[in-house]
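Trainee: One structure coming up, written as structure tokens, with questions to follow.
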Amino acid sequence: MMARSFGPFFVFAGLMHFLKTRWYERIVPPYLPRQRDLVYASGVAEIAGGLATMHPATRRMGSAWSIATLLAVFPANLHMALEPERFEKGVPGGRTTLYARLPVQLLFIAWAYAAGDWDS
């Protein structure tokens, strides 16, 4: 049951890139070019991966795609943790939450893996 909730969650997360674009732009590391394009691309990637995990024929591909997406956006989470003074006021729990998000990404990767039914 929990594995099946990954798809809708990831679709929602992807949609947020289009609804809260400026917030996501702020967390893109400054050394990366074209921040808005990256925000949109990662939103599309999350939506695609989430949708793919919801259908048996594409579930494993969607799982692998989602894991790759989570790895690709990890630099944004790291950037937030390394520069907490820029973000802690806008994140509940502040600095602690920003650092806690790093290992939580491993949980999201495990959830994406479970959504792929790799063990069946």
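By order of appearance in the structure tokens: chains A, B, ..., then residues from 1 within every chain, and ligands from 1 in the order shown.
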When you look at region 72-88 of chain A with a cut-off of 7 Å (counting only C-alpha atoms), what residues show up, excluding the ones that are within fewer than 2 positions of it in the same chain? I need them as a VMD selection string.
Mentor: chain A and resid 27 to 29 68 to 70 90 to 91 94 to 95 98 to 99 101 to 102
Trainee: Print the selection's residues with N, CA, C and O atoms to a file, as an mmCIF file, in the first residue's frame.
Mentor:
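Saved file selection.cif follows:
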```cif
data_model
loop_
_atom_site.group_PDB
_atom_site.id
_atom_site.type_symbol
_atom_site.label_atom_id
_atom_site.label_comp_id
_atom_site.auth_asym_id
_atom_site.auth_seq_id
_atom_site.Cartn_x
_atom_site.Cartn_y
_atom_site.Cartn_z
ATOM 1 N N ILE A 27 16.266 27.523 -4.467
ATOM 2 C CA ILE A 27 17.051 26.430 -3.894
ATOM 3 C C ILE A 27 17.995 25.781 -4.912
ATOM 4 O O ILE A 27 18.790 24.931 -4.540
ATOM 5 N N VAL A 28 17.904 26.191 -6.171
ATOM 6 C CA VAL A 28 18.851 25.678 -7.161
ATOM 7 C C VAL A 28 20.208 26.300 -6.862
ATOM 8 O O VAL A 28 20.324 27.515 -6.710
ATOM 9 N N PRO A 29 21.237 25.476 -6.757
ATOM 10 C CA PRO A 29 22.567 26.036 -6.475
ATOM 11 C C PRO A 29 22.946 27.096 -7.515
ATOM 12 O O PRO A 29 22.686 26.922 -8.710
ATOM 13 N N ALA A 68 16.670 8.244 -10.190
ATOM 14 C CA ALA A 68 17.621 9.119 -10.882
ATOM 15 C C ALA A 68 17.275 10.591 -10.665
ATOM 16 O O ALA A 68 18.169 11.421 -10.457
ATOM 17 N N THR A 69 15.991 10.903 -10.677
ATOM 18 C CA THR A 69 15.557 12.285 -10.447
ATOM 19 C C THR A 69 15.920 12.729 -9.036
ATOM 20 O O THR A 69 16.416 13.845 -8.833
ATOM 21 N N LEU A 70 15.674 11.874 -8.064
ATOM 22 C CA LEU A 70 16.013 12.216 -6.680
ATOM 23 C C LEU A 70 17.518 12.447 -6.519
ATOM 24 O O LEU A 70 17.933 13.355 -5.797
ATOM 25 N N GLY A 90 12.193 30.200 5.965
ATOM 26 C CA GLY A 90 11.075 29.720 5.165
ATOM 27 C C GLY A 90 10.783 28.240 5.308
ATOM 28 O O GLY A 90 9.879 27.712 4.679
ATOM 29 N N VAL A 91 11.547 27.557 6.166
ATOM 30 C CA VAL A 91 11.382 26.119 6.342
ATOM 31 C C VAL A 91 11.047 25.844 7.801
ATOM 32 O O VAL A 91 11.826 26.202 8.687
ATOM 33 N N GLY A 94 13.612 25.142 10.626
ATOM 34 C CA GLY A 94 14.841 25.851 10.309
ATOM 35 C C GLY A 94 16.017 24.969 9.968
ATOM 36 O O GLY A 94 15.904 23.991 9.230
ATOM 37 N N ARG A 95 17.155 25.321 10.527
ATOM 38 C CA ARG A 95 18.434 24.663 10.233
ATOM 39 C C ARG A 95 18.369 23.147 10.463
ATOM 40 O O ARG A 95 18.882 22.371 9.653
ATOM 41 N N LEU A 98 16.644 21.507 7.593
ATOM 42 C CA LEU A 98 17.463 21.537 6.380
ATOM 43 C C LEU A 98 18.506 20.421 6.380
ATOM 44 O O LEU A 98 18.746 19.796 5.348
ATOM 45 N N TYR A 99 19.105 20.159 7.529
ATOM 46 C CA TYR A 99 20.068 19.062 7.621
ATOM 47 C C TYR A 99 19.364 17.709 7.626
ATOM 48 O O TYR A 99 19.864 16.741 7.036
ATOM 49 N N ARG A 101 16.772 16.899 6.036
ATOM 50 C CA ARG A 101 16.307 16.564 4.690
ATOM 51 C C ARG A 101 17.309 15.715 3.925
ATOM 52 O O ARG A 101 16.930 14.962 3.028
ATOM 53 N N LEU A 102 18.581 15.822 4.249
ATOM 54 C CA LEU A 102 19.594 15.068 3.496
ATOM 55 C C LEU A 102 19.405 13.557 3.629
ATOM 56 O O LEU A 102 19.262 12.876 2.609
#
```
Trainee: Could you name the residues that touch Thr53 (chain A) at 8 Å or less, counting only C-alpha atoms, but leaving out those on the same chain fewer than 6 positions away, as a ChimeraX atom specification?
Mentor: /A:4,6-7,59-63,115-116
Trainee: Considering only alpha helix (DSSP H) as DSSP defines it on the backbone, what residues of chain A qualify? List them as a ChimeraX atom specification.
Mentor: /A:6-19,21-27,35-53,59-82,94-115
Trainee: If we count only C-alpha atoms, what is near Gly49 (chain A) at a cut-off of 6 Å, once residues fewer than 3 positions away on the same chain are taken out, given as a list in words?
Mentor: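 Here the qualifying residues turn out to be Glu46, Ala52, Gly62, Trp65 and Ser66 of chain A.
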Trainee: Find the residues around Thr21 (chain A) up to 8 Å (only C-alpha atoms counted), leave out those fewer than 6 positions away in its own chain, and share them as a VMD selection string.
Mentor: chain A and resid 36 39 to 40
Trainee: From the list A:Gly43, A:Pro103, A:Pro56, A:Pro92, which residue is nearest Tyr24 (chain A) when using only C-alpha atoms?
Mentor: A:Gly43
